file upload.cif (mmCIF, C-alpha atoms (C1' of nucleotides))
data_entry
loop_
_atom_site.label_atom_id
_atom_site.label_comp_id
_atom_site.auth_asym_id
_atom_site.auth_seq_id
_atom_site.Cartn_x
_atom_site.Cartn_y
_atom_site.Cartn_z
CA MET O 1488 125.58 132.22 182.94
CA ALA O 1489 121.84 132.63 182.66
CA ASP O 1490 121.63 135.08 179.80
CA ASP O 1491 118.54 134.09 177.84
CA GLN O 1492 114.95 134.43 178.97
CA LEU O 1493 114.36 130.73 179.50
CA SER O 1494 117.45 130.43 181.69
CA ARG O 1495 116.35 133.38 183.79
CA VAL O 1496 112.85 131.97 184.18
CA PHE O 1497 114.05 128.51 185.24
CA ALA O 1498 116.67 129.98 187.57
CA ALA O 1499 114.05 132.25 189.12
CA LEU O 1500 111.71 129.34 189.77
CA ALA O 1501 114.46 127.12 191.17
CA ASP O 1502 114.06 128.87 194.53
CA PRO O 1503 111.20 127.67 196.77
CA THR O 1504 110.70 131.13 198.25
CA ARG O 1505 110.31 132.62 194.79
CA ARG O 1506 107.89 129.88 193.74
CA ASP O 1507 105.98 130.68 196.91
CA ILE O 1508 105.88 134.34 195.96
CA VAL O 1509 104.59 133.37 192.53
CA ALA O 1510 101.90 131.28 194.22
CA ARG O 1511 100.78 134.26 196.28
CA LEU O 1512 100.83 136.64 193.33
CA ALA O 1513 98.70 134.18 191.37
CA VAL O 1514 95.94 134.90 193.90
CA GLY O 1515 96.34 138.64 193.57
CA ASP O 1516 98.75 141.56 193.41
CA ALA O 1517 100.70 142.42 196.54
CA THR O 1518 103.27 144.86 197.87
CA VAL O 1519 106.79 143.94 198.91
CA GLY O 1520 105.89 144.29 202.58
CA GLN O 1521 102.86 142.05 202.23
CA LEU O 1522 104.96 139.44 200.47
CA ALA O 1523 107.77 139.65 203.02
CA GLU O 1524 105.52 139.35 206.06
CA PRO O 1525 105.07 135.53 206.19
CA TYR O 1526 108.81 134.90 205.98
CA ASP O 1527 111.40 135.57 208.63
CA VAL O 1528 113.79 137.22 206.22
CA SER O 1529 114.34 140.94 205.71
CA MET O 1530 112.28 142.91 203.22
CA GLN O 1531 115.47 143.58 201.25
CA ALA O 1532 115.87 139.87 200.68
CA VAL O 1533 112.32 139.66 199.34
CA SER O 1534 112.99 142.75 197.25
CA LYS O 1535 115.95 140.93 195.72
CA HIS O 1536 113.78 137.90 194.97
CA LEU O 1537 111.29 140.19 193.27
CA ARG O 1538 114.04 141.75 191.18
CA VAL O 1539 115.02 138.25 190.00
CA LEU O 1540 111.40 137.43 189.16
CA GLN O 1541 111.06 140.76 187.38
CA ASP O 1542 114.23 140.23 185.33
CA ALA O 1543 112.81 136.86 184.32
CA GLY O 1544 109.65 138.62 183.15
CA LEU O 1545 107.54 136.78 185.70
CA VAL O 1546 106.37 139.86 187.58
CA SER O 1547 105.83 143.51 186.72
CA ARG O 1548 105.66 146.38 189.19
CA SER O 1549 103.79 149.65 189.28
CA ARG O 1550 103.68 152.58 191.66
CA ASP O 1551 101.03 153.40 194.26
CA ALA O 1552 102.25 156.17 196.56
CA GLN O 1553 105.29 154.71 198.32
CA ARG O 1554 104.18 151.18 197.60
CA ARG O 1555 105.41 149.12 194.63
CA PRO O 1556 102.69 146.56 193.98
CA CYS O 1557 103.78 143.37 192.20
CA HIS O 1558 101.77 141.70 189.48
CA LEU O 1559 102.23 138.22 188.06
CA GLU O 1560 102.83 138.12 184.30
CA ALA O 1561 101.27 134.90 183.11
CA GLU O 1562 102.55 135.01 179.53
CA VAL O 1563 105.97 133.73 180.57
CA PHE O 1564 104.32 130.46 181.55
CA ASP O 1565 103.46 130.03 177.90
CA LEU O 1566 107.15 130.13 177.06
CA MET O 1567 107.86 127.34 179.51
CA THR O 1568 104.84 125.32 178.42
CA LYS O 1569 106.00 125.59 174.82
CA TRP O 1570 109.50 124.42 175.78
CA LEU O 1571 108.10 121.54 177.81
CA GLU O 1572 105.59 120.47 175.19
CA ARG O 1573 108.38 119.98 172.70
CA TYR O 1574 110.08 117.33 174.80
CA ARG O 1575 106.89 115.69 175.87
CA ARG O 1576 106.03 115.22 172.21
CA GLN O 1577 109.50 113.92 171.41
CA ALA O 1578 109.39 111.53 174.34
CA GLU O 1579 106.05 110.17 173.19
CA GLU O 1580 107.34 109.85 169.64
CA ARG O 1581 110.37 107.91 170.89
CA PHE O 1582 108.11 105.71 172.94
CA ARG O 1583 105.99 104.96 169.92
CA ARG O 1584 109.07 104.08 167.88
CA LEU O 1585 110.32 101.81 170.66
CA ASP O 1586 106.96 100.08 170.74
CA ALA O 1587 107.16 99.57 167.00
CA VAL O 1588 110.62 98.04 167.27
CA LEU O 1589 109.49 95.75 170.05
CA ALA O 1590 106.48 94.69 168.06
CA ALA O 1591 108.63 93.99 165.00
CA MET O 1592 111.01 91.95 167.15
CA ASN O 1593 108.13 89.90 168.48
CA GLU O 1594 106.87 89.15 165.02
CA GLU O 1595 110.13 87.77 163.67
CA ASP O 1596 111.61 86.66 166.93
CA ASP O 1597 114.30 84.30 165.85
CA GLY O 1598 118.02 85.28 166.24
CA ASP O 1599 119.78 88.53 165.37
CA GLN O 1600 118.70 91.30 167.79
CA GLN O 1601 121.40 93.78 166.89
CA ASP O 1602 120.38 97.34 167.41
CA THR O 1603 119.00 99.41 164.62
CA THR O 1604 118.45 101.85 167.44
CA ASN O 1605 119.18 105.45 167.79
CA LYS O 1606 122.45 107.16 167.31
CA GLN O 1607 121.44 110.70 167.60
CA THR O 1608 122.47 113.98 166.16
CA GLY O 1609 121.94 116.90 168.43
CA ALA O 1610 119.34 119.56 168.18
CA ALA O 1611 119.74 122.99 169.68
CA SER O 1612 117.78 124.62 172.43
CA MET F 1126 118.71 125.77 199.22
CA ALA F 1127 117.28 123.72 196.42
CA ASP F 1128 116.27 120.62 198.34
CA ASP F 1129 112.98 119.54 196.82
CA GLN F 1130 112.55 117.86 193.48
CA LEU F 1131 110.94 120.81 191.74
CA SER F 1132 113.78 123.10 192.81
CA ARG F 1133 116.35 120.66 191.53
CA VAL F 1134 114.55 120.28 188.21
CA PHE F 1135 114.22 124.02 187.64
CA ALA F 1136 117.81 124.63 188.73
CA ALA F 1137 119.01 121.90 186.40
CA LEU F 1138 117.17 123.41 183.44
CA ALA F 1139 118.35 126.93 184.21
CA ASP F 1140 121.62 126.16 182.42
CA PRO F 1141 121.59 126.41 178.60
CA THR F 1142 124.19 123.65 178.23
CA ARG F 1143 122.04 121.31 180.30
CA ARG F 1144 118.93 122.18 178.31
CA ASP F 1145 120.98 121.44 175.22
CA ILE F 1146 121.93 118.06 176.64
CA VAL F 1147 118.27 117.37 177.35
CA ALA F 1148 117.49 118.30 173.75
CA ARG F 1149 120.02 115.79 172.47
CA LEU F 1150 118.86 113.06 174.83
CA ALA F 1151 115.31 113.60 173.67
CA VAL F 1152 116.44 112.37 170.26
CA GLY F 1153 118.14 109.34 171.71
CA ASP F 1154 120.39 107.97 174.43
CA ALA F 1155 124.05 108.97 174.35
CA THR F 1156 127.31 108.46 176.23
CA VAL F 1157 129.13 111.16 178.14
CA GLY F 1158 131.76 111.42 175.43
CA GLN F 1159 129.19 111.81 172.68
CA LEU F 1160 127.45 114.50 174.68
CA ALA F 1161 130.69 116.33 175.47
CA GLU F 1162 131.98 116.32 171.91
CA PRO F 1163 130.08 119.35 170.47
CA TYR F 1164 131.16 121.61 173.35
CA ASP F 1165 134.60 122.97 174.03
CA VAL F 1166 134.51 122.07 177.69
CA SER F 1167 136.11 119.08 179.36
CA MET F 1168 134.30 115.80 179.69
CA GLN F 1169 134.45 116.23 183.45
CA ALA F 1170 132.36 119.37 183.14
CA VAL F 1171 129.74 117.51 181.11
CA SER F 1172 129.88 114.69 183.62
CA LYS F 1173 129.05 117.21 186.33
CA HIS F 1174 126.13 118.54 184.29
CA LEU F 1175 124.86 115.00 183.91
CA ARG F 1176 125.12 114.45 187.65
CA VAL F 1177 122.93 117.54 188.18
CA LEU F 1178 120.41 116.29 185.63
CA GLN F 1179 120.47 112.87 187.27
CA ASP F 1180 119.93 114.29 190.76
CA ALA F 1181 116.96 116.18 189.36
CA GLY F 1182 115.59 112.90 188.04
CA LEU F 1183 115.80 114.11 184.45
CA VAL F 1184 118.23 111.47 183.26
CA SER F 1185 119.09 107.93 184.27
CA ARG F 1186 122.28 106.08 183.44
CA SER F 1187 123.14 102.50 182.80
CA ARG F 1188 126.33 100.60 182.11
CA ASP F 1189 127.61 99.32 178.78
CA ALA F 1190 131.21 98.11 179.12
CA GLN F 1191 133.17 101.22 180.09
CA ARG F 1192 130.50 103.48 178.69
CA ARG F 1193 127.75 105.12 180.81
CA PRO F 1194 124.86 105.78 178.42
CA CYS F 1195 122.43 108.49 179.46
CA HIS F 1196 118.69 108.24 179.05
CA LEU F 1197 116.14 111.02 179.34
CA GLU F 1198 113.44 110.40 181.95
CA ALA F 1199 110.34 112.05 180.59
CA GLU F 1200 108.15 111.62 183.67
CA VAL F 1201 109.72 114.60 185.42
CA PHE F 1202 108.28 116.82 182.73
CA ASP F 1203 104.86 115.83 184.03
CA LEU F 1204 105.79 117.28 187.41
CA MET F 1205 106.66 120.61 185.82
CA THR F 1206 103.62 120.58 183.58
CA LYS F 1207 101.43 119.98 186.61
CA TRP F 1208 103.06 122.87 188.47
CA LEU F 1209 102.69 125.16 185.47
CA GLU F 1210 99.11 124.20 184.74
CA ARG F 1211 98.10 125.28 188.21
CA TYR F 1212 99.18 128.86 187.64
CA ARG F 1213 97.90 129.00 184.12
CA ARG F 1214 94.48 128.03 185.42
CA GLN F 1215 94.66 130.56 188.24
CA ALA F 1216 95.74 133.29 185.85
CA GLU F 1217 92.82 132.52 183.58
CA GLU F 1218 90.46 132.48 186.54
CA ARG F 1219 91.71 135.90 187.64
CA PHE F 1220 91.31 137.17 184.14
CA ARG F 1221 87.73 135.97 184.03
CA ARG F 1222 86.96 137.69 187.33
CA LEU F 1223 88.47 140.93 186.05
CA ASP F 1224 86.33 140.67 182.96
CA ALA F 1225 83.26 140.18 185.12
CA VAL F 1226 84.08 143.26 187.17
CA LEU F 1227 84.61 145.30 184.03
CA ALA F 1228 81.32 144.08 182.61
CA ALA F 1229 79.52 144.96 185.84
CA MET F 1230 81.00 148.43 185.76
CA ASN F 1231 79.82 148.92 182.22
CA GLU F 1232 76.27 147.95 183.06
CA GLU F 1233 75.76 150.46 185.87
CA ASP F 1234 77.96 153.18 184.45
CA ASP F 1235 76.05 156.27 185.50
CA GLY F 1236 77.63 158.58 188.13
CA ASP F 1237 80.02 157.17 190.71
CA GLN F 1238 83.19 156.18 188.86
CA GLN F 1239 85.94 155.33 191.31
CA ASP F 1240 87.57 152.04 190.59
CA THR F 1241 87.23 149.17 192.95
CA THR F 1242 89.26 147.18 190.47
CA ASN F 1243 92.68 145.80 190.86
CA LYS F 1244 95.15 148.40 189.88
CA GLN F 1245 97.09 146.48 187.34
CA THR F 1246 100.01 147.38 185.25
CA GLY F 1247 99.80 147.21 181.54
CA ALA F 1248 100.23 144.09 179.54
CA ALA F 1249 103.66 143.07 178.60
CA SER F 1250 106.09 141.84 176.02
"C1'" DT G 1276 109.67 171.26 206.96
"C1'" DT G 1277 109.99 167.26 209.54
"C1'" DC G 1278 108.49 162.46 210.34
"C1'" DG G 1279 107.25 157.83 209.33
"C1'" DT G 1280 106.43 154.34 205.91
"C1'" DA G 1281 107.71 151.58 202.02
"C1'" DT G 1282 111.20 150.50 199.28
"C1'" DG G 1283 115.73 150.46 196.67
"C1'" DC G 1284 120.81 150.29 196.51
"C1'" DA G 1285 125.54 149.06 197.90
"C1'" DA G 1286 128.76 146.61 200.44
"C1'" DC G 1287 129.85 142.58 202.58
"C1'" DC G 1288 129.76 137.37 203.78
"C1'" DG G 1289 129.44 132.31 203.54
"C1'" DA G 1290 127.68 128.66 200.47
"C1'" DT G 1291 126.99 127.01 195.95
"C1'" DT G 1292 128.06 126.72 190.97
"C1'" DG G 1293 130.52 125.89 186.63
"C1'" DG G 1294 134.69 125.45 185.20
"C1'" DT G 1295 139.58 123.63 185.49
"C1'" DT G 1296 143.44 119.97 186.22
"C1'" DG G 1297 145.13 115.63 188.06
"C1'" DA G 1298 144.61 111.23 189.87
"C1'" DG G 1299 141.81 107.00 190.26
"C1'" DT G 1300 138.69 103.26 188.59
"C1'" DA G 1301 136.21 99.89 185.47
"C1'" DA G 1302 136.33 97.14 181.56
"C1'" DG G 1303 137.64 95.40 176.79
"C1'" DA G 1304 141.96 94.64 173.82
"C1'" DG G 1305 146.66 93.02 173.09
"C1'" DC J 287 149.59 91.41 182.97
"C1'" DT J 288 149.68 96.00 180.63
"C1'" DC J 289 147.49 99.55 177.60
"C1'" DT J 290 143.81 102.23 176.19
"C1'" DT J 291 139.15 103.87 176.58
"C1'" DA J 292 135.60 105.94 179.05
"C1'" DC J 293 134.56 107.66 182.48
"C1'" DT J 294 134.29 109.38 187.98
"C1'" DC J 295 136.20 111.65 192.02
"C1'" DA J 296 138.80 115.26 194.51
"C1'" DA J 297 140.81 119.61 195.01
"C1'" DC J 298 140.92 124.11 193.67
"C1'" DC J 299 139.27 128.77 191.75
"C1'" DA J 300 136.51 132.73 190.19
"C1'" DA J 301 131.77 134.12 189.81
"C1'" DT J 302 127.22 134.06 191.41
"C1'" DC J 303 123.59 133.60 195.01
"C1'" DG J 304 120.83 134.32 199.10
"C1'" DG J 305 121.20 136.43 203.00
"C1'" DT J 306 122.60 140.36 206.02
"C1'" DT J 307 123.21 145.49 207.56
"C1'" DG J 308 123.32 150.43 206.75
"C1'" DC J 309 122.08 154.28 204.13
"C1'" DA J 310 119.53 156.75 200.51
"C1'" DT J 311 115.19 157.82 198.36
"C1'" DA J 312 110.07 158.64 197.33
"C1'" DC J 313 105.88 159.78 199.02
"C1'" DG J 314 101.87 160.96 202.36
"C1'" DA J 315 100.87 162.95 206.68
"C1'" DA J 316 101.36 166.33 210.42
#

call {"tool": "encode", "arguments": {"input": "upload.cif", "output": "structure tokens"}}
result
Amino acid sequence: MADDQLSRVFAALADPTRRDIVARLAVGDATVGQLAEPYDVSMQAVSKHLRVLQDAGLVSRSRDAQRRPCHLEAEVFDLMTKWLERYRRQAEERFRRLDAVLAAMNEEDDGDQQDTTNKQTGAAS
Amino acid sequence: MADDQLSRVFAALADPTRRDIVARLAVGDATVGQLAEPYDVSMQAVSKHLRVLQDAGLVSRSRDAQRRPCHLEAEVFDLMTKWLERYRRQAEERFRRLDAVLAAMNEEDDGDQQDTTNKQTGAAS
DNA sequence: TTCGTATGCAACCGATTGGTTGAGTAAGAG
DNA sequence: CTCTTACTCAACCAATCGGTTGCATACGAA
């Protein structure tokens, strides 16, 4: 179901263990073993988490002898920030409009408060 | 597994249909039927999506006769933004440190050239 | 070559997810 | 009251998820 990048990123970060891994990689690169150590799950489980993070573009991996160090890719955060910023702006805009309506209602506050409010038409994601 | 708020929010937004619903609610409040109409899924399915969004704190719902209008709660976005900002800052910080190391290496670049740097994989997409 | 370390891959399992259909509920209209 | 509208709830189902175990692989060391 999660086919696009944004879906993969959000799905990846929906797991606390994976967010924890991201937190540790933000401090510095680490191997699978190092990442697995603080948890009481198998290394294969952590390896799976890393595959999810990698598919989401959140981490990249290189080779160092038999180790596969993981590196946090920070650019993906920009994608999320951009997505978020859009709705924050829209929410603020809506808030401003609501304020305006309220102010207008105060000014001429006799009868007739029928809604000139929003019926929306959808946007896409 | 997704018990905390952040997990619920990310999980909720991992679905393209739910992000779409958020996009439409950002424009203005809507009923379940209005939200379901553009998709070729049952209203029950949309109702389930809305329950997920509600549990994540992303939407609230009121009552208007037999209708249940949905309203986007923008505050949750602050939670995500805060989470994101933390890693963006850390990434920048790391980047600055790497720059410093590189600069230091340039300054004393006579003999002795083994890298004490982070091995890091190339940039990305 | 053989051994140990670090990791990946595949198969399996129980819980969750996104969808369905069908029945039930809340409220205005006739 | 009954009918219709607008939903929710409950049961079910296939697919996915997070975990496991067991085996295969890549590489350095002995």

call {"tool": "interface_residues", "arguments": {"input": "upload.cif", "of": "chain G", "to": "chain F", "cutoff": "7 Å", "atoms": "only C-alpha atoms (C1' of nucleotides)", "output": "ChimeraX atom specification"}}
result
/G:1294,1301-1302

call {"tool": "residues_around", "arguments": {"input": "upload.cif", "residues": "segment 302-309 of chain J", "least_positions_apart": "3", "cutoff": "12 Å", "atoms": "only C-alpha atoms (C1' of nucleotides)", "output": "ChimeraX atom specification"}}
result
/O:1488-1489,1498-1499,1501-1505,1527-1536,1539 /F:1126-1127 /G:1283-1293

call {"tool": "interface_residues", "arguments": {"input": "upload.cif", "of": "chain J", "to": "chain F", "cutoff": "8 Å", "atoms": "all atoms listed in the file", "output": "list in words"}}
result
DT291, DA292 and DC293 of chain J

call {"tool": "closest_residue", "arguments": {"input": "upload.cif", "among": "F:Glu1210, F:Gln1130, F:Tyr1164, F:Phe1135", "to": "chain O", "atoms": "only C-alpha atoms"}}
result
F:Phe1135

call {"tool": "atom_distance", "arguments": {"input": "upload.cif", "atom1": "atom C1' of DT1282 of chain G", "atom2": "atom CA of Leu1522 of chain O"}}
result
12.8 Å

call {"tool": "closest_residue", "arguments": {"input": "upload.cif", "among": "O:Lys1569, O:Arg1538, O:Arg1511, O:Arg1495", "to": "chain F", "atoms": "only C-alpha atoms"}}
result
O:Arg1495

call {"tool": "calpha_fit_rmsd", "arguments": {"input": "upload.cif", "fixed": "chain F", "moving": "chain O"}}
result
4.8 Å

call {"tool": "resolve_selection", "arguments": {"input": "upload.cif", "expression": "the PyMOL selection byres ((chain F) within 8 of (chain O))", "output": "ChimeraX atom specification"}}
result
/F:1126-1127,1131-1136,1138-1141,1144-1145,1148-1149,1151-1155,1199,1202,1206,1209,1212-1213,1215-1216,1219,1243,1245-1246,1249

call {"tool": "decode", "arguments": {"input": "upload.cif", "residues": "segment 1286-1297 of chain G", "atoms": "N, CA, C and O atoms (P, O5', C5', C4', C3', O3' and C1' of nucleotides)", "output": "mmCIF file, in the first residue's frame"}}
result
data_model
loop_
_atom_site.group_PDB
_atom_site.id
_atom_site.type_symbol
_atom_site.label_atom_id
_atom_site.label_comp_id
_atom_site.auth_asym_id
_atom_site.auth_seq_id
_atom_site.Cartn_x
_atom_site.Cartn_y
_atom_site.Cartn_z
ATOM 1 P P DA G 1286 11.561 -19.230 0.589
ATOM 2 O "O5'" DA G 1286 10.929 -19.926 1.884
ATOM 3 C "C5'" DA G 1286 11.696 -20.903 2.581
ATOM 4 C "C4'" DA G 1286 11.151 -21.060 3.998
ATOM 5 C "C3'" DA G 1286 9.618 -21.052 4.075
ATOM 6 O "O3'" DA G 1286 9.197 -22.168 4.846
ATOM 7 C "C1'" DA G 1286 10.544 -19.517 5.608
ATOM 8 P P DC G 1287 7.667 -22.591 4.904
ATOM 9 O "O5'" DC G 1287 7.195 -21.999 6.302
ATOM 10 C "C5'" DC G 1287 7.773 -22.513 7.490
ATOM 11 C "C4'" DC G 1287 7.521 -21.557 8.612
ATOM 12 C "C3'" DC G 1287 6.047 -21.275 8.934
ATOM 13 O "O3'" DC G 1287 5.734 -21.846 10.187
ATOM 14 C "C1'" DC G 1287 7.399 -19.334 9.083
ATOM 15 P P DC G 1288 4.167 -22.016 10.577
ATOM 16 O "O5'" DC G 1288 3.944 -20.923 11.706
ATOM 17 C "C5'" DC G 1288 4.957 -20.658 12.683
ATOM 18 C "C4'" DC G 1288 4.548 -19.450 13.499
ATOM 19 C "C3'" DC G 1288 3.033 -19.219 13.536
ATOM 20 O "O3'" DC G 1288 2.614 -18.924 14.863
ATOM 21 C "C1'" DC G 1288 4.123 -17.272 12.766
ATOM 22 P P DG G 1289 1.055 -19.112 15.250
ATOM 23 O "O5'" DG G 1289 0.710 -17.724 15.942
ATOM 24 C "C5'" DG G 1289 1.525 -17.221 17.002
ATOM 25 C "C4'" DG G 1289 1.363 -15.715 17.090
ATOM 26 C "C3'" DG G 1289 -0.084 -15.241 17.221
ATOM 27 O "O3'" DG G 1289 -0.101 -14.126 18.110
ATOM 28 C "C1'" DG G 1289 0.876 -14.304 15.290
ATOM 29 P P DA G 1290 -1.479 -13.385 18.499
ATOM 30 O "O5'" DA G 1290 -1.287 -11.942 17.862
ATOM 31 C "C5'" DA G 1290 -0.104 -11.201 18.184
ATOM 32 C "C4'" DA G 1290 -0.122 -9.878 17.445
ATOM 33 C "C3'" DA G 1290 -1.453 -9.129 17.516
ATOM 34 O "O3'" DA G 1290 -1.165 -7.758 17.739
ATOM 35 C "C1'" DA G 1290 -0.889 -9.539 15.256
ATOM 36 P P DT G 1291 -2.380 -6.699 17.888
ATOM 37 O "O5'" DT G 1291 -2.338 -5.919 16.493
ATOM 38 C "C5'" DT G 1291 -1.081 -5.443 16.019
ATOM 39 C "C4'" DT G 1291 -1.216 -4.915 14.608
ATOM 40 C "C3'" DT G 1291 -2.420 -3.988 14.373
ATOM 41 O "O3'" DT G 1291 -1.921 -2.787 13.806
ATOM 42 C "C1'" DT G 1291 -2.303 -5.654 12.700
ATOM 43 P P DT G 1292 -2.879 -1.629 13.276
ATOM 44 O "O5'" DT G 1292 -3.076 -1.976 11.726
ATOM 45 C "C5'" DT G 1292 -1.931 -1.984 10.870
ATOM 46 C "C4'" DT G 1292 -2.382 -2.053 9.430
ATOM 47 C "C3'" DT G 1292 -3.531 -1.107 9.088
ATOM 48 O "O3'" DT G 1292 -3.275 -0.522 7.826
ATOM 49 C "C1'" DT G 1292 -4.119 -3.324 8.539
ATOM 50 P P DG G 1293 -4.017 0.787 7.402
ATOM 51 O "O5'" DG G 1293 -4.890 0.284 6.172
ATOM 52 C "C5'" DG G 1293 -4.263 -0.157 4.980
ATOM 53 C "C4'" DG G 1293 -5.318 -0.756 4.084
ATOM 54 C "C3'" DG G 1293 -6.550 0.145 3.897
ATOM 55 O "O3'" DG G 1293 -6.921 0.194 2.528
ATOM 56 C "C1'" DG G 1293 -7.191 -1.971 4.750
ATOM 57 P P DG G 1294 -8.109 1.122 2.072
ATOM 58 O "O5'" DG G 1294 -9.326 0.083 1.933
ATOM 59 C "C5'" DG G 1294 -9.455 -0.681 0.748
ATOM 60 C "C4'" DG G 1294 -10.175 -1.978 1.000
ATOM 61 C "C3'" DG G 1294 -11.697 -1.883 1.201
ATOM 62 O "O3'" DG G 1294 -12.382 -1.669 -0.012
ATOM 63 C "C1'" DG G 1294 -10.710 -3.562 2.586
ATOM 64 P P DT G 1295 -13.942 -1.298 0.063
ATOM 65 O "O5'" DT G 1295 -14.656 -2.697 0.387
ATOM 66 C "C5'" DT G 1295 -14.528 -3.802 -0.522
ATOM 67 C "C4'" DT G 1295 -15.110 -5.059 0.111
ATOM 68 C "C3'" DT G 1295 -16.603 -4.949 0.419
ATOM 69 O "O3'" DT G 1295 -17.355 -5.468 -0.661
ATOM 70 C "C1'" DT G 1295 -15.378 -5.885 2.289
ATOM 71 P P DT G 1296 -18.836 -4.976 -0.845
ATOM 72 O "O5'" DT G 1296 -19.614 -5.809 0.272
ATOM 73 C "C5'" DT G 1296 -19.639 -7.246 0.221
ATOM 74 C "C4'" DT G 1296 -20.276 -7.784 1.486
ATOM 75 C "C3'" DT G 1296 -21.745 -7.362 1.653
ATOM 76 O "O3'" DT G 1296 -22.540 -8.514 1.870
ATOM 77 C "C1'" DT G 1296 -20.490 -6.864 3.613
ATOM 78 P P DG G 1297 -24.093 -8.431 1.903
ATOM 79 O "O5'" DG G 1297 -24.402 -8.231 3.454
ATOM 80 C "C5'" DG G 1297 -23.885 -9.161 4.391
ATOM 81 C "C4'" DG G 1297 -24.385 -8.824 5.791
ATOM 82 C "C3'" DG G 1297 -25.806 -8.242 5.832
ATOM 83 O "O3'" DG G 1297 -26.494 -8.766 6.970
ATOM 84 C "C1'" DG G 1297 -24.328 -6.734 6.827
#
